[in-house]
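The next block is query39.cif, given as mmCIF, C-alpha atoms.
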```cif
data_entry
loop_
_atom_site.label_atom_id
_atom_site.label_comp_id
_atom_site.auth_asym_id
_atom_site.auth_seq_id
_atom_site.Cartn_x
_atom_site.Cartn_y
_atom_site.Cartn_z
CA MET F 1269 205.80 81.61 142.47
CA LEU F 1270 203.30 84.38 143.11
CA ASN F 1271 203.75 86.47 146.21
CA HIS F 1272 200.16 86.88 147.39
CA SER F 1273 201.29 88.75 150.49
CA ALA F 1274 202.50 91.54 148.23
CA GLY F 1275 199.04 91.78 146.69
CA VAL F 1276 199.98 90.25 143.32
CA ASP F 1277 197.31 87.89 142.00
CA ALA F 1278 197.46 85.63 138.95
CA ALA F 1279 195.75 88.16 136.66
CA ASN F 1280 198.17 90.95 137.63
CA PHE F 1281 201.11 88.57 137.29
CA ASP F 1282 200.10 87.79 133.69
CA PHE F 1283 199.73 91.52 133.04
CA TYR F 1284 203.22 92.29 134.32
CA ALA F 1285 204.75 89.22 132.68
CA LEU F 1286 203.40 90.30 129.29
CA LEU F 1287 204.68 93.87 129.77
CA VAL F 1288 208.14 92.49 130.61
CA GLN F 1289 208.07 90.30 127.49
CA VAL F 1290 207.01 93.28 125.38
CA SER F 1291 209.87 95.33 126.84
CA GLN F 1292 212.29 92.52 126.00
CA ALA F 1293 211.00 92.32 122.41
CA ILE F 1294 211.58 96.05 122.05
CA ALA F 1295 215.05 95.95 123.64
CA GLN F 1296 216.24 93.03 121.52
CA ALA F 1297 215.15 94.54 118.20
CA ASP F 1298 217.65 96.07 115.80
CA ASP F 1299 215.15 98.44 114.18
CA LEU F 1300 211.62 99.79 114.55
CA GLY F 1301 209.99 97.28 112.18
CA THR F 1302 211.52 94.34 114.02
CA ALA F 1303 210.43 95.80 117.36
CA LEU F 1304 206.85 96.32 116.17
CA HIS F 1305 206.67 92.78 114.80
CA GLY F 1306 208.14 91.41 118.02
CA VAL F 1307 205.54 93.22 120.08
CA LEU F 1308 202.65 92.03 117.89
CA ALA F 1309 203.94 88.45 118.05
CA THR F 1310 204.36 88.63 121.83
CA VAL F 1311 200.88 90.01 122.37
CA CYS F 1312 199.24 87.49 120.02
CA GLN F 1313 201.19 84.51 121.36
CA HIS F 1314 200.40 85.29 125.01
CA THR F 1315 196.78 86.44 124.74
CA ALA F 1316 193.67 85.32 122.88
CA TRP F 1317 194.32 87.84 120.06
CA GLU F 1318 195.23 85.95 116.87
CA TYR F 1319 196.00 88.74 114.43
CA GLY F 1320 197.61 92.14 114.94
CA GLU F 1321 198.33 95.04 112.62
CA ILE F 1322 199.75 98.55 112.86
CA TRP F 1323 198.13 101.47 110.99
CA LEU F 1324 200.20 104.59 110.30
CA PRO F 1325 199.01 108.12 109.51
CA ASN F 1326 200.02 109.64 106.21
CA GLN F 1327 202.40 112.57 106.40
CA PRO F 1328 200.81 115.33 104.31
CA THR F 1329 203.13 118.18 103.48
CA THR F 1330 202.22 121.84 103.21
CA ALA F 1331 202.83 121.58 99.46
CA THR F 1332 200.02 119.05 99.07
CA ILE F 1333 196.39 119.30 99.98
CA SER F 1334 195.72 115.88 101.35
CA ALA F 1335 193.12 114.39 103.60
CA ARG F 1336 194.37 112.64 106.68
CA TYR F 1337 194.24 108.88 106.29
CA LEU F 1338 195.80 105.73 107.69
CA TYR F 1339 197.61 103.04 105.74
CA CYS F 1340 198.57 99.62 107.04
CA SER F 1341 202.24 99.19 107.81
CA PRO F 1342 204.03 96.14 106.49
CA VAL F 1343 204.31 94.98 110.11
CA TRP F 1344 201.67 92.44 111.13
CA TYR F 1345 201.32 89.16 112.94
CA GLY F 1346 199.01 86.21 112.39
CA GLN F 1347 199.69 82.49 112.38
CA PRO F 1348 196.85 80.61 110.70
CA GLU F 1349 196.86 80.59 106.90
CA ARG F 1350 193.17 81.51 107.01
CA LEU F 1351 194.30 85.05 107.88
CA ASN F 1352 196.32 85.58 104.67
CA PRO F 1353 193.31 86.66 102.53
CA PHE F 1354 192.28 89.13 105.26
CA ARG F 1355 195.82 90.50 105.27
CA ALA F 1356 195.73 90.84 101.46
CA VAL F 1357 192.56 92.98 101.67
CA THR F 1358 194.07 94.98 104.52
CA GLN F 1359 197.18 95.84 102.50
CA THR F 1360 195.07 97.53 99.83
CA THR F 1361 192.85 99.46 102.24
CA GLN F 1362 193.25 102.99 103.57
CA PHE F 1363 191.06 104.63 106.19
CA ALA F 1364 190.15 108.28 106.45
CA TRP F 1365 190.00 109.76 109.93
CA GLY F 1366 186.73 108.61 111.50
CA ILE F 1367 186.18 105.66 109.11
CA GLY F 1368 186.62 102.02 110.12
CA ILE F 1369 188.15 100.85 113.37
CA PRO F 1370 191.59 102.39 112.69
CA GLY F 1371 190.06 105.68 111.50
CA ARG F 1372 187.73 106.04 114.48
CA VAL F 1373 190.54 105.28 116.92
CA ALA F 1374 192.68 107.90 115.14
CA ALA F 1375 189.89 110.48 115.30
CA THR F 1376 188.98 109.92 118.96
CA LEU F 1377 192.41 108.88 120.30
CA GLN F 1378 190.47 106.32 122.37
CA PRO F 1379 190.41 102.51 122.29
CA GLU F 1380 187.52 100.88 120.43
CA TRP F 1381 186.22 97.37 121.11
CA HIS F 1382 183.85 95.37 118.94
CA PRO F 1383 182.50 92.15 120.49
CA ASP F 1384 181.88 90.63 117.05
CA VAL F 1385 182.79 92.36 113.78
CA ARG F 1386 180.59 89.87 111.89
CA SER F 1387 177.51 91.59 113.32
CA ILE F 1388 178.50 95.17 112.42
CA LYS F 1389 175.99 96.79 110.09
CA GLY F 1390 176.59 99.20 107.22
CA LEU F 1391 179.93 100.75 106.32
CA THR F 1392 181.24 100.81 109.88
CA PHE F 1393 183.56 97.86 109.17
CA LEU F 1394 184.85 98.02 105.60
CA ARG F 1395 186.71 94.70 105.72
CA LYS F 1396 183.69 92.76 106.99
CA GLU F 1397 183.50 90.20 104.15
CA ALA F 1398 187.19 89.39 104.46
CA ALA F 1399 186.84 89.15 108.25
CA ILE F 1400 183.93 86.73 107.92
CA ALA F 1401 185.93 84.60 105.47
CA ALA F 1402 188.83 84.57 107.96
CA ASN F 1403 186.45 83.72 110.83
CA LEU F 1404 187.38 86.82 112.82
CA GLY F 1405 185.13 87.88 115.70
CA ALA F 1406 186.14 90.39 118.37
CA ALA F 1407 188.33 93.38 117.49
CA LEU F 1408 190.21 95.97 119.53
CA GLY F 1409 191.80 99.14 118.23
CA VAL F 1410 194.13 101.18 120.46
CA PRO F 1411 195.93 104.45 119.66
CA ILE F 1412 199.70 104.64 119.93
CA LEU F 1413 200.41 108.16 121.13
CA SER F 1414 203.14 110.63 121.93
CA GLY F 1415 201.32 112.98 124.29
CA ASP F 1416 198.17 113.80 122.31
CA ARG F 1417 199.81 113.19 118.89
CA LEU F 1418 198.83 110.02 117.05
CA LEU F 1419 201.81 107.92 115.99
CA ALA F 1420 199.90 104.80 114.92
CA VAL F 1421 196.90 102.59 115.64
CA LEU F 1422 197.24 99.02 116.89
CA VAL F 1423 194.37 96.74 115.82
CA LEU F 1424 193.90 93.19 117.11
CA PHE F 1425 191.41 90.47 116.13
CA ARG F 1426 190.40 87.12 117.59
CA SER F 1427 188.17 84.41 116.15
CA ASP F 1428 185.63 84.26 118.95
CA ALA F 1429 183.00 86.84 119.78
CA HIS F 1430 183.95 88.37 123.10
CA ALA F 1431 182.46 91.06 125.31
CA GLN F 1432 184.74 93.93 126.27
CA VAL F 1433 187.04 93.26 129.20
CA THR F 1434 188.35 96.48 130.74
CA ALA F 1435 191.50 94.76 132.02
CA GLU F 1436 192.31 93.60 128.49
CA VAL F 1437 191.82 97.09 127.06
CA ASN F 1438 194.08 98.46 129.80
CA LEU F 1439 196.73 95.83 129.11
CA ILE F 1440 196.83 96.51 125.36
CA SER F 1441 196.77 100.26 126.07
CA SER F 1442 199.87 99.77 128.25
CA VAL F 1443 201.57 97.90 125.40
CA ALA F 1444 200.60 100.77 123.06
CA ALA F 1445 202.15 103.26 125.49
CA GLN F 1446 205.44 101.32 125.34
CA LEU F 1447 205.24 101.35 121.55
CA GLY F 1448 204.63 105.10 121.64
CA VAL F 1449 207.89 105.66 123.50
CA LEU F 1450 209.74 103.42 121.04
CA MET F 1451 208.25 105.11 117.98
CA GLN F 1452 208.96 108.56 119.36
CA LEU F 1453 212.65 107.62 119.63
CA HIS F 1454 212.76 106.52 115.97
#
```
Translate this structure into structure tokens?
Amino acid sequence: MLNHSAGVDAANFDFYALLVQVSQAIAQADDLGTALHGVLATVCQHTAWEYGEIWLPNQPTTATISARYLYCSPVWYGQPERLNPFRAVTQTTQFAWGIGIPGRVAATLQPEWHPDVRSIKGLTFLRKEAAIAANLGAALGVPILSGDRLLAVLVLFRSDAHAQVTAEVNLISSVAAQLGVLMQLH
């Protein structure tokens, strides 16, 4: 039962309930990959986001001259089979800093929301054809940080077009902050 006298409304209750469930998924995991998958599953199962993925930065060494790019981790979540072809394209894609949703989030260290990826023009969304085939609409990318150092980028998709909701961005940013603490420990 909600305690309205304490100033907790239904929207805030859902926010805190999801954060508790995310914390539980992290605490119950035996390793980082399991924790990341558990968090993606929890977020997707309890929100309108249907597909989630984690993008990781490459680790160039001083012995190599390498551009900074992101590659998709093996950790992802998505239920409907219609998402499998999108996942297949994703697994073979890398993003340079500043390119695509993951690359722009990595470059700016700021969340990025697209109301409908199907309407993006040009090379701004490199997986557009696969997203259209999978019937994906809105997208949200959020950085996972340790201070001002990028650890990863969380990207979520849903099938409907949807205008940005600040509370949703804040919620997913809070989840990303929890993931940042977890990833920093591993």
For this file, the PyMOL selection byres ((chain F and resi 1378-1380) around 12) selects which residues, as a VMD selection string?
chain F and resid 1366 1368 to 1377 1381 to 1383 1385 1406 to 1413 1416 1418 1421 to 1425 1432 to 1434 1436 to 1442 1444
Please list as a ChimeraX atom specification every residue within 12 Å of Thr1361 in chain F, counting only C-alpha atoms and excluding residues in the same chain fewer than 5 positions away.
/F:1323,1337-1341,1354-1356,1367-1368,1370-1371,1393-1395,1398
Applying the PyMOL selection byres ((chain F and resi 1305) around 9) to the file I just gave you, which residues come out? Please list them as JSON, numbers by chain.
{"F": [1293, 1300, 1301, 1302, 1303, 1304, 1306, 1307, 1308, 1309, 1310, 1321, 1343, 1344, 1345]}
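Separating CA of Asp1428 in chain F from CA of Asn1352 in chain F is a distance of 17.9 Å.
Note that the spacing between CA of Arg1426 in chain F and CA of Asn1403 in chain F amounts to 8.5 Å.
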Have range 1356-1367 of chain F completed to all heavy atoms, please, and pass it along as a tab-separated table (two decimals), in the coordinates of the input.
```tsv
chain	number	residue	atom	x	y	z
F	1356	ALA	N	195.65	90.33	102.83
F	1356	ALA	CA	195.73	90.84	101.46
F	1356	ALA	C	194.76	92.01	101.26
F	1356	ALA	O	195.11	93.02	100.65
F	1356	ALA	CB	195.46	89.73	100.46
F	1357	VAL	N	193.54	91.88	101.76
F	1357	VAL	CA	192.56	92.98	101.67
F	1357	VAL	C	193.05	94.17	102.47
F	1357	VAL	O	192.97	95.33	102.01
F	1357	VAL	CB	191.17	92.51	102.16
F	1357	VAL	CG1	190.22	93.69	102.34
F	1357	VAL	CG2	190.59	91.48	101.20
F	1358	THR	N	193.59	93.91	103.64
F	1358	THR	CA	194.07	94.98	104.52
F	1358	THR	C	195.16	95.80	103.84
F	1358	THR	O	195.17	97.03	103.94
F	1358	THR	CB	194.58	94.38	105.84
F	1358	THR	OG1	193.47	93.78	106.51
F	1358	THR	CG2	195.21	95.42	106.73
F	1359	GLN	N	196.07	95.14	103.14
F	1359	GLN	CA	197.18	95.84	102.50
F	1359	GLN	C	196.74	96.81	101.42
F	1359	GLN	O	197.48	97.73	101.09
F	1359	GLN	CB	198.17	94.83	101.92
F	1359	GLN	CG	198.96	94.11	102.98
F	1359	GLN	CD	199.86	93.06	102.38
F	1359	GLN	OE1	199.42	92.15	101.68
F	1359	GLN	NE2	201.15	93.17	102.65
F	1360	THR	N	195.55	96.64	100.89
F	1360	THR	CA	195.07	97.53	99.83
F	1360	THR	C	194.04	98.53	100.34
F	1360	THR	O	193.42	99.22	99.54
F	1360	THR	CB	194.45	96.71	98.68
F	1360	THR	OG1	193.32	95.98	99.18
F	1360	THR	CG2	195.47	95.75	98.08
F	1361	THR	N	193.87	98.60	101.64
F	1361	THR	CA	192.85	99.46	102.24
F	1361	THR	C	193.50	100.65	102.93
F	1361	THR	O	194.55	100.51	103.55
F	1361	THR	CB	192.02	98.66	103.27
F	1361	THR	OG1	191.46	97.51	102.63
F	1361	THR	CG2	190.91	99.49	103.87
F	1362	GLN	N	192.87	101.80	102.81
F	1362	GLN	CA	193.25	102.99	103.57
F	1362	GLN	C	191.99	103.49	104.27
F	1362	GLN	O	190.88	103.32	103.76
F	1362	GLN	CB	193.80	104.09	102.66
F	1362	GLN	CG	195.10	103.72	102.00
F	1362	GLN	CD	195.62	104.83	101.11
F	1362	GLN	OE1	194.92	105.77	100.76
F	1362	GLN	NE2	196.88	104.71	100.73
F	1363	PHE	N	192.19	104.10	105.43
F	1363	PHE	CA	191.06	104.63	106.19
F	1363	PHE	C	191.22	106.12	106.42
F	1363	PHE	O	192.27	106.56	106.90
F	1363	PHE	CB	190.95	103.94	107.56
F	1363	PHE	CG	190.53	102.51	107.47
F	1363	PHE	CD1	191.45	101.48	107.57
F	1363	PHE	CD2	189.20	102.18	107.28
F	1363	PHE	CE1	191.06	100.15	107.50
F	1363	PHE	CE2	188.79	100.86	107.19
F	1363	PHE	CZ	189.72	99.84	107.30
F	1364	ALA	N	190.18	106.87	106.09
F	1364	ALA	CA	190.15	108.28	106.45
F	1364	ALA	C	189.90	108.39	107.95
F	1364	ALA	O	189.36	107.47	108.56
F	1364	ALA	CB	189.04	109.00	105.68
F	1365	TRP	N	190.27	109.51	108.51
F	1365	TRP	CA	190.00	109.76	109.93
F	1365	TRP	C	188.50	109.59	110.15
F	1365	TRP	O	187.69	110.13	109.41
F	1365	TRP	CB	190.40	111.19	110.27
F	1365	TRP	CG	191.59	111.33	111.18
F	1365	TRP	CD1	191.58	112.00	112.36
F	1365	TRP	CD2	192.92	110.85	111.00
F	1365	TRP	NE1	192.84	111.96	112.92
F	1365	TRP	CE2	193.68	111.25	112.10
F	1365	TRP	CE3	193.54	110.09	110.02
F	1365	TRP	CZ2	195.03	110.94	112.25
F	1365	TRP	CZ3	194.88	109.78	110.16
F	1365	TRP	CH2	195.59	110.21	111.26
F	1366	GLY	N	188.13	108.81	111.15
F	1366	GLY	CA	186.73	108.61	111.50
F	1366	GLY	C	186.07	107.43	110.80
F	1366	GLY	O	184.95	107.08	111.13
F	1367	ILE	N	186.76	106.77	109.86
F	1367	ILE	CA	186.18	105.66	109.11
F	1367	ILE	C	186.87	104.36	109.50
F	1367	ILE	O	188.09	104.29	109.55
F	1367	ILE	CB	186.32	105.88	107.58
F	1367	ILE	CG1	185.70	107.21	107.17
F	1367	ILE	CG2	185.74	104.71	106.81
F	1367	ILE	CD1	184.21	107.32	107.40
```
